[in-house]
Each structure stands twice: as C-alpha cells, then as structure tokens.
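Asker: File name final.csv; file contents CSV, C-alpha atoms; full text below.
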```csv
chain,number,residue,atom,x,y,z
T,1,MET,CA,0.0,0.0,0.0
T,2,LYS,CA,1.9,3.0,-1.3
T,3,GLU,CA,0.1,5.5,1.0
T,4,LEU,CA,1.4,3.6,4.1
T,5,GLU,CA,4.9,3.2,2.7
T,6,ASP,CA,5.0,6.9,1.9
T,7,ARG,CA,3.8,7.8,5.4
T,8,ILE,CA,6.5,5.5,6.9
T,9,ARG,CA,9.2,7.2,4.8
T,10,ARG,CA,7.9,10.6,5.8
T,11,ASP,CA,7.0,10.2,9.5
T,12,GLY,CA,8.7,7.0,10.6
T,13,THR,CA,12.0,6.8,12.3
T,14,VAL,CA,14.5,3.9,11.9
T,15,LYS,CA,16.4,3.2,15.0
T,16,PRO,CA,19.3,0.9,15.8
T,17,GLY,CA,18.4,-2.7,16.7
T,18,ASP,CA,15.9,-3.1,13.8
T,19,VAL,CA,13.3,-0.8,15.5
T,20,LEU,CA,10.9,1.2,13.3
T,21,LYS,CA,9.2,4.0,15.2
T,22,VAL,CA,5.8,4.9,13.8
T,23,ASP,CA,4.2,6.4,16.8
T,24,ALA,CA,3.4,9.7,15.0
T,25,PHE,CA,0.6,8.0,13.0
T,26,LEU,CA,0.1,4.3,13.9
T,27,ASN,CA,0.7,3.2,17.5
T,28,HIS,CA,0.7,6.2,19.8
T,29,GLN,CA,-1.0,9.0,17.8
T,30,CYS,CA,-3.5,7.5,15.4
T,31,ASP,CA,-4.2,8.8,11.9
T,32,VAL,CA,-7.8,7.7,11.6
T,33,THR,CA,-8.0,8.5,7.8
T,34,LEU,CA,-5.0,6.3,7.2
T,35,PHE,CA,-6.6,3.5,9.3
T,36,ASP,CA,-9.8,3.9,7.2
T,37,HIS,CA,-7.8,3.4,4.0
T,38,MET,CA,-6.0,0.4,5.5
T,39,GLY,CA,-9.4,-1.1,6.4
T,40,ALA,CA,-10.6,-0.6,2.9
T,41,GLU,CA,-7.6,-2.3,1.5
T,42,TRP,CA,-8.0,-5.3,3.8
T,43,ALA,CA,-11.7,-5.5,2.8
T,44,ARG,CA,-10.6,-5.6,-0.9
T,45,ILE,CA,-8.0,-8.2,-0.2
T,46,PHE,CA,-10.3,-10.4,1.9
T,47,ALA,CA,-13.4,-9.8,-0.3
T,48,GLY,CA,-15.5,-12.9,-0.5
T,49,LYS,CA,-14.3,-14.3,2.9
T,50,LYS,CA,-16.8,-14.6,5.6
T,51,ILE,CA,-15.7,-12.5,8.6
T,52,ASP,CA,-17.8,-12.8,11.8
T,53,LYS,CA,-15.3,-11.0,14.1
T,54,ILE,CA,-11.9,-9.3,14.0
T,55,LEU,CA,-9.4,-10.4,16.7
T,56,THR,CA,-6.4,-8.3,17.7
T,57,ILE,CA,-4.1,-7.7,20.7
T,58,GLU,CA,-3.9,-4.7,22.9
T,59,ALA,CA,-3.0,-2.0,22.6
T,60,SER,CA,-1.8,-0.9,19.2
T,61,GLY,CA,-4.0,-3.3,17.2
T,62,ILE,CA,-7.3,-2.0,18.7
T,63,GLY,CA,-7.7,1.3,16.8
T,64,ILE,CA,-6.7,-0.3,13.5
T,65,ALA,CA,-9.1,-3.2,14.0
T,66,CYS,CA,-12.0,-1.0,15.0
T,67,ILE,CA,-11.7,1.2,12.0
T,68,ALA,CA,-11.2,-1.9,9.7
T,69,ALA,CA,-14.3,-3.5,11.1
T,70,GLN,CA,-16.4,-0.8,9.5
T,71,HIS,CA,-15.3,-2.2,6.1
T,72,PHE,CA,-16.5,-5.7,7.1
T,73,GLY,CA,-20.1,-4.8,8.0
T,74,ASN,CA,-19.2,-3.4,11.4
T,75,VAL,CA,-18.4,-6.9,12.8
T,76,PRO,CA,-17.4,-7.0,16.5
T,77,VAL,CA,-13.8,-6.5,17.4
T,78,VAL,CA,-12.3,-8.7,20.2
T,79,PHE,CA,-8.9,-7.9,21.6
T,80,ALA,CA,-6.7,-10.1,23.7
T,81,LYS,CA,-5.7,-8.5,26.9
T,82,LYS,CA,-2.1,-8.6,28.2
T,83,THR,CA,-2.9,-8.6,31.9
T,84,GLN,CA,-5.4,-10.4,34.1
T,85,SER,CA,-7.9,-8.2,35.9
T,86,ILE,CA,-11.0,-8.5,38.1
T,87,ASN,CA,-13.0,-7.5,35.0
T,88,LEU,CA,-11.9,-10.7,33.2
T,89,ASP,CA,-14.4,-13.2,34.6
T,90,GLY,CA,-15.4,-16.7,33.5
T,91,ASP,CA,-13.6,-19.1,31.4
T,92,GLN,CA,-10.7,-17.7,29.3
T,93,TYR,CA,-8.4,-18.7,26.5
T,94,THR,CA,-4.8,-17.8,27.4
T,95,ALA,CA,-1.5,-18.0,25.4
T,96,ARG,CA,2.0,-16.6,26.2
T,97,VAL,CA,3.8,-14.4,23.8
T,98,TYR,CA,7.2,-12.7,23.7
T,99,SER,CA,7.3,-9.0,22.8
T,100,TYR,CA,10.4,-8.0,20.8
T,101,THR,CA,9.9,-4.3,21.5
T,102,LYS,CA,9.2,-4.8,25.3
T,103,GLN,CA,11.8,-7.6,25.6
T,104,LYS,CA,9.6,-9.7,27.8
T,105,GLU,CA,7.0,-12.5,27.8
T,106,PHE,CA,3.4,-11.8,28.8
T,107,PRO,CA,0.1,-13.6,28.7
T,108,VAL,CA,-2.7,-12.8,26.2
T,109,ILE,CA,-6.2,-13.5,27.4
T,110,VAL,CA,-9.6,-13.6,25.7
T,111,SER,CA,-12.8,-14.4,27.5
T,112,LYS,CA,-14.3,-17.6,26.0
T,113,ARG,CA,-17.7,-15.9,25.6
T,114,PHE,CA,-16.3,-13.7,22.9
T,115,LEU,CA,-15.1,-16.5,20.5
T,116,THR,CA,-17.6,-19.1,19.5
T,117,LYS,CA,-16.7,-22.4,17.8
T,118,GLY,CA,-17.2,-22.2,14.0
T,119,GLU,CA,-17.0,-18.4,13.8
T,120,HIS,CA,-14.9,-16.9,11.0
T,121,VAL,CA,-12.2,-14.6,12.3
T,122,LEU,CA,-9.8,-12.1,10.7
T,123,LEU,CA,-6.7,-11.4,12.8
T,124,ILE,CA,-5.3,-7.8,12.6
T,125,ASP,CA,-2.2,-6.2,14.1
T,126,ASP,CA,0.1,-3.2,13.6
T,127,PHE,CA,3.4,-5.1,13.3
T,128,LEU,CA,4.7,-8.5,12.3
T,129,ALA,CA,8.3,-9.3,12.9
T,130,ASN,CA,9.1,-12.7,14.5
T,131,GLY,CA,5.4,-13.5,14.7
T,132,LYS,CA,5.2,-14.3,18.4
T,133,ALA,CA,2.0,-12.2,19.1
T,134,MET,CA,0.3,-13.6,16.0
T,135,HIS,CA,1.1,-17.2,17.0
T,136,GLY,CA,-0.4,-16.5,20.4
T,137,LEU,CA,-3.6,-15.3,18.7
T,138,ILE,CA,-3.6,-18.3,16.5
T,139,ASP,CA,-3.2,-20.6,19.5
T,140,ILE,CA,-6.3,-19.0,21.1
T,141,CYS,CA,-8.2,-19.3,17.8
T,142,ASN,CA,-7.3,-23.0,17.5
T,143,GLU,CA,-8.4,-23.6,21.1
T,144,ALA,CA,-11.7,-21.8,20.5
T,145,GLY,CA,-12.4,-23.8,17.3
T,146,VAL,CA,-12.8,-20.7,15.1
T,147,VAL,CA,-11.8,-20.5,11.4
T,148,ILE,CA,-9.0,-18.1,10.7
T,149,GLU,CA,-9.9,-16.4,7.3
T,150,GLY,CA,-6.8,-14.3,7.1
T,151,ILE,CA,-4.2,-12.1,8.9
T,152,GLY,CA,-4.0,-8.4,8.2
T,153,ILE,CA,-0.8,-6.7,9.2
T,154,ALA,CA,-0.1,-3.0,8.8
T,155,ILE,CA,3.7,-3.2,8.7
T,156,GLU,CA,5.7,-6.4,8.3
T,157,LYS,CA,9.4,-6.6,8.8
T,158,GLY,CA,10.1,-8.9,5.8
T,159,PHE,CA,13.7,-9.5,6.8
T,160,GLN,CA,12.5,-11.3,10.0
T,161,ARG,CA,10.9,-14.7,9.9
T,162,GLY,CA,7.4,-14.2,11.2
T,163,GLY,CA,5.6,-13.6,7.8
T,164,LYS,CA,7.4,-16.4,6.0
T,165,GLU,CA,6.6,-18.9,8.8
T,166,LEU,CA,2.9,-17.9,8.8
T,167,ARG,CA,2.6,-18.1,5.0
T,168,ASP,CA,4.5,-21.5,5.0
T,169,ALA,CA,1.9,-22.7,7.6
T,170,GLY,CA,-0.8,-21.9,5.1
T,171,TYR,CA,-2.2,-18.6,6.5
T,172,ASN,CA,-3.3,-15.8,4.1
T,173,VAL,CA,-1.2,-12.9,5.4
T,174,ALA,CA,-1.9,-9.5,3.9
T,175,SER,CA,0.7,-7.0,5.0
T,176,LEU,CA,0.1,-3.5,3.7
T,177,ALA,CA,3.8,-2.5,3.9
T,178,ILE,CA,6.6,-5.0,3.9
T,179,VAL,CA,10.0,-3.6,5.0
T,180,LYS,CA,12.8,-5.3,3.0
T,181,SER,CA,15.6,-3.7,4.9
T,182,MET,CA,16.4,-0.8,7.2
T,183,ASP,CA,19.5,0.8,8.6
T,184,GLY,CA,19.3,2.4,12.0
T,185,ASP,CA,22.7,4.1,11.6
T,186,LYS,CA,21.7,5.7,8.3
T,187,GLY,CA,18.0,6.0,9.1
T,188,THR,CA,17.1,4.4,5.7
T,189,ILE,CA,14.3,2.0,4.8
T,190,GLU,CA,13.6,-0.1,1.8
T,191,PHE,CA,10.3,-1.8,1.0
T,192,ALA,CA,9.7,-5.1,-0.8
```
Represent the structure contained in this file as structure tokens.
Answerer:
Amino acid sequence: MKELEDRIRRDGTVKPGDVLKVDAFLNHQCDVTLFDHMGAEWARIFAGKKIDKILTIEASGIGIACIAAQHFGNVPVVFAKKTQSINLDGDQYTARVYSYTKQKEFPVIVSKRFLTKGEHVLLIDDFLANGKAMHGLIDICNEAGVVIEGIGIAIEKGFQRGGKELRDAGYNVASLAIVKSMDGDKGTIEFA
C-alpha cells in the first residue's frame, strides 16, 4: 500500500536494533483517515471471505481493528488483553507471547464468551516481525475452534521470519507495507 509506505518514509524513524518507530501515526498518535484506507484495503484483499469477528491484541491493534471492522459490515472487534484483571471473569483462552519491543514475555487473554466455535475470524495487528504475538492469537483461535480467514498486518518486517513462517503454515497474510531492509545508523528503509 503505497500510501502507508510513503507515510512510513515521511514520518517513521528507523532506530538501531531493527526498530521502526511509527508512533506519529500508527501506534501512539493515530491517523484515523489512514486507518480507514487500510481497512478498505484489507476489505478488498479479503473480499468474499466470511468475517464474523476481528481479533487483535492490545493495545496498538485495537484502533486499527475497530476502523477496519467498518469495512467488514461493522463486525465485533475482540482484543486479547495482556494482563489479568478482576473484570476478566469466567472461562478464558490464554497464550503466552514474547514481545520484541518490550523484551519480555506476557500472557494474552480472551474471554471464552467472545469467541464461538465455528466463527470466521480475521486477525489484525500493527506489526509482524518474528510472529510471536500472532502465534499467540492463532493458539487462542485453535483452542476456540474458530476459522482463521486471514491475517491483516499494517507493517511487516520482511527481513524477519514471522511472515514467512505464517505463510508457510498456510495462512493468508496481507501485509500493507513490507520492510525489506532498514538501517538504523543511516536512518534508511527499503520496501519489498
């Protein structure tokens, strides 16, 4: 998606350690118009797929998923929580994932009442690098018995293994911008 690539070039910052900072428009301050265009693009890509719900992970995926849901008939958006709380009651699906940016492992939790066996689900997230968060969501989907219709990713680090592993496993992964390489010292980025 050229619009997203152009925005990354203009407002993104490449930092050492393969970190791409896009907080000006994607995961701290949110550009709702850009999110709307991203949702429209995923709706085009996944046209003809039955989508009953969108599943994401807190926090950065929530805004993107909510705007995208409007392009799928305003289906409900469910997000996996990263911490247990007294508001999470009843039976739960839980998986453990490792965050590259936070450098720690954490649980992801979804109440069983929000995923029903046989539902068709689209997974959406802001980034795909090593794929740990997405594998956690897939584990939850498998345990719930839902059908994963596809995976929508805003930015994929194509030089890391997550996207390839998911595609090799048979998942339909639609990344709107795939970073081929980036150099933190020079601040440069190249797209696939």
Asker: Set out as CSV a contact list for range 33-102 of chain T and range 150-157 of chain T with a cut-off of 10 Å, giving each residue of range 33-102 of chain T that qualifies its closest atom pair and distance in Å to one decimal, counting all atoms listed in the file, ordered by chain and rising residue number.
Answerer:
```
residue,atom,partner,partner_atom,distance
T:Phe35,CA,T:Ala154,CA,9.2
T:Met38,CA,T:Ala154,CA,7.6
T:Gly39,CA,T:Gly152,CA,9.3
T:Glu41,CA,T:Gly152,CA,9.7
T:Trp42,CA,T:Gly152,CA,6.7
T:Ala43,CA,T:Gly152,CA,9.8
T:Ile45,CA,T:Gly152,CA,9.3
T:Phe46,CA,T:Gly150,CA,7.4
T:Lys49,CA,T:Gly150,CA,8.6
T:Ile51,CA,T:Gly150,CA,9.2
T:Ile54,CA,T:Ile151,CA,9.7
T:Leu55,CA,T:Ile151,CA,9.5
T:Thr56,CA,T:Gly152,CA,9.8
T:Gly61,CA,T:Ile153,CA,9.3
T:Ile64,CA,T:Ala154,CA,8.5
T:Ala65,CA,T:Gly152,CA,9.3
T:Ala68,CA,T:Gly152,CA,9.8
```
Asker: I'd like the contact shell of Val179 in chain T - 7 Å cut-off, all atoms listed in the file, skipping same-chain residues fewer than 2 positions apart - returned as an NGL selection string.
Answerer: :T and (156-158 or 177 or 181 or 190-192)
Asker: Would you mind exporting C-alpha atoms of the selected residues as a PDB file, in the coordinates of the input?
Answerer:
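Printed below is selection03.pdb as written:
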```pdb
ATOM      1  CA  GLU T 156       5.700  -6.400   8.300  1.00  0.00           C
ATOM      2  CA  LYS T 157       9.400  -6.600   8.800  1.00  0.00           C
ATOM      3  CA  GLY T 158      10.100  -8.900   5.800  1.00  0.00           C
ATOM      4  CA  ALA T 177       3.800  -2.500   3.900  1.00  0.00           C
ATOM      5  CA  SER T 181      15.600  -3.700   4.900  1.00  0.00           C
ATOM      6  CA  GLU T 190      13.600  -0.100   1.800  1.00  0.00           C
ATOM      7  CA  PHE T 191      10.300  -1.800   1.000  1.00  0.00           C
ATOM      8  CA  ALA T 192       9.700  -5.100  -0.800  1.00  0.00           C
TER       9      ALA T 192
END
```
Asker: For CA of Thr83 in chain T and CA of Glu165 in chain T, quote the distance in Å rounded to one decimal.
Answerer: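 If I compute the distance from CA of Thr83 in chain T to CA of Glu165 in chain T, I get 27.0 Å.
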Asker: Nearest to Met182 in chain T: which of T:Gly136, T:Gly163, T:Pro107, T:Gly17 is it, counting all atoms listed in the file?
Answerer: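 Counting all atoms listed in the file, the residue closest to Met182 in chain T is T:Gly17.
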Asker: What's around Ala95 in chain T at 9 Å? Count all atoms listed in the file, leave out sequence neighbours fewer than 6 positions away in its own chain, and write the answer as number ranges by chain.
Answerer: T: 106-109, 135-137, 139-140
Asker: Adding 5 Å on each side of the box along x, y and z that holds all listed atoms of range 107-114 of chain T, could you give its centre and edge lengths in Å to one decimal, as AutoDock Vina command-line options?
Answerer:
```
--center_x -8.8 --center_y -15.2 --center_z 25.8 --size_x 27.8 --size_y 14.8 --size_z 15.8
```
Asker: Take CA of Asp52 in chain T and CA of Gly131 in chain T and report the distance between them in Å, one decimal.
Answerer: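 Interatomic distance, CA of Asp52 in chain T to CA of Gly131 in chain T: 23.4 Å.
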Asker: Using all atoms listed in the file, which residue out of T:Phe159, T:Lys102, T:Arg44, T:Glu58 lies closest to Ile189 in chain T?
Answerer: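 Among the listed residues, T:Phe159 lies closest to Ile189 in chain T.
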Asker: Would you list the contacts of Tyr171 in chain T as a ChimeraX atom specification, taking every protein, DNA or RNA residue within 9 Å and counting only C-alpha atoms, but skipping same-chain residues closer than 2 positions in sequence?
Answerer: /T:148-151,166-169,173
Asker: Take the residues that were just selected and, keeping C-alpha atoms, output them as an mmCIF file, in the coordinates of the input.
Answerer:
```cif
data_model
loop_
_atom_site.group_PDB
_atom_site.id
_atom_site.type_symbol
_atom_site.label_atom_id
_atom_site.label_comp_id
_atom_site.auth_asym_id
_atom_site.auth_seq_id
_atom_site.Cartn_x
_atom_site.Cartn_y
_atom_site.Cartn_z
ATOM 1 C CA ILE T 148 -9.000 -18.100 10.700
ATOM 2 C CA GLU T 149 -9.900 -16.400 7.300
ATOM 3 C CA GLY T 150 -6.800 -14.300 7.100
ATOM 4 C CA ILE T 151 -4.200 -12.100 8.900
ATOM 5 C CA LEU T 166 2.900 -17.900 8.800
ATOM 6 C CA ARG T 167 2.600 -18.100 5.000
ATOM 7 C CA ASP T 168 4.500 -21.500 5.000
ATOM 8 C CA ALA T 169 1.900 -22.700 7.600
ATOM 9 C CA VAL T 173 -1.200 -12.900 5.400
#
```
Asker: Within 8 Å of Lys53 in chain T, counting only C-alpha atoms, which residues qualify if same-chain residues fewer than 5 places away don't, as a list of chain:residue names?
Answerer: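 Answer for this query is T:Val75, T:Pro76, T:Val77, T:Val78, T:Glu119, T:His120, T:Val121, T:Leu122.
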Asker: Dig up all the protein and nucleic acid residues within 10 Å of (9.4, 5.5, 5.7) in the file frame, using only C-alpha atoms, and format them as number ranges by chain.
Answerer: T: 4-14, 20-22, 177, 179, 182, 187-191
Asker: Quick one: pull the distance between CA of Glu105 in chain T and CA of Lys82 in chain T, Å, one decimal.
Answerer: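 That distance, rounded to one decimal, is 9.9 Å.
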Asker: From the set T:Pro16, T:Met1, T:Glu143, T:Ile62, which residue has the shortest atom-to-atom contact distance to His28 in chain T, counting only C-alpha atoms?
Answerer: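 The shortest atom-to-atom distance to His28 in chain T comes from T:Ile62.
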Asker: So, with only C-alpha atoms as the atoms that count, which of T:Ser111, T:Thr116, T:Ala129, T:Ile57 lies closest to Ser175 in chain T?
Answerer: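 Residue with the minimum atom-to-atom distance to Ser175 in chain T: T:Ala129.
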Asker: Show which residues sit within 12 Å of Asp91 in chain T, as a VMD selection string. Count all atoms listed in the file, and ignore same-chain residues fewer than 4 positions away.
Answerer: chain T and resid 109 to 115 144
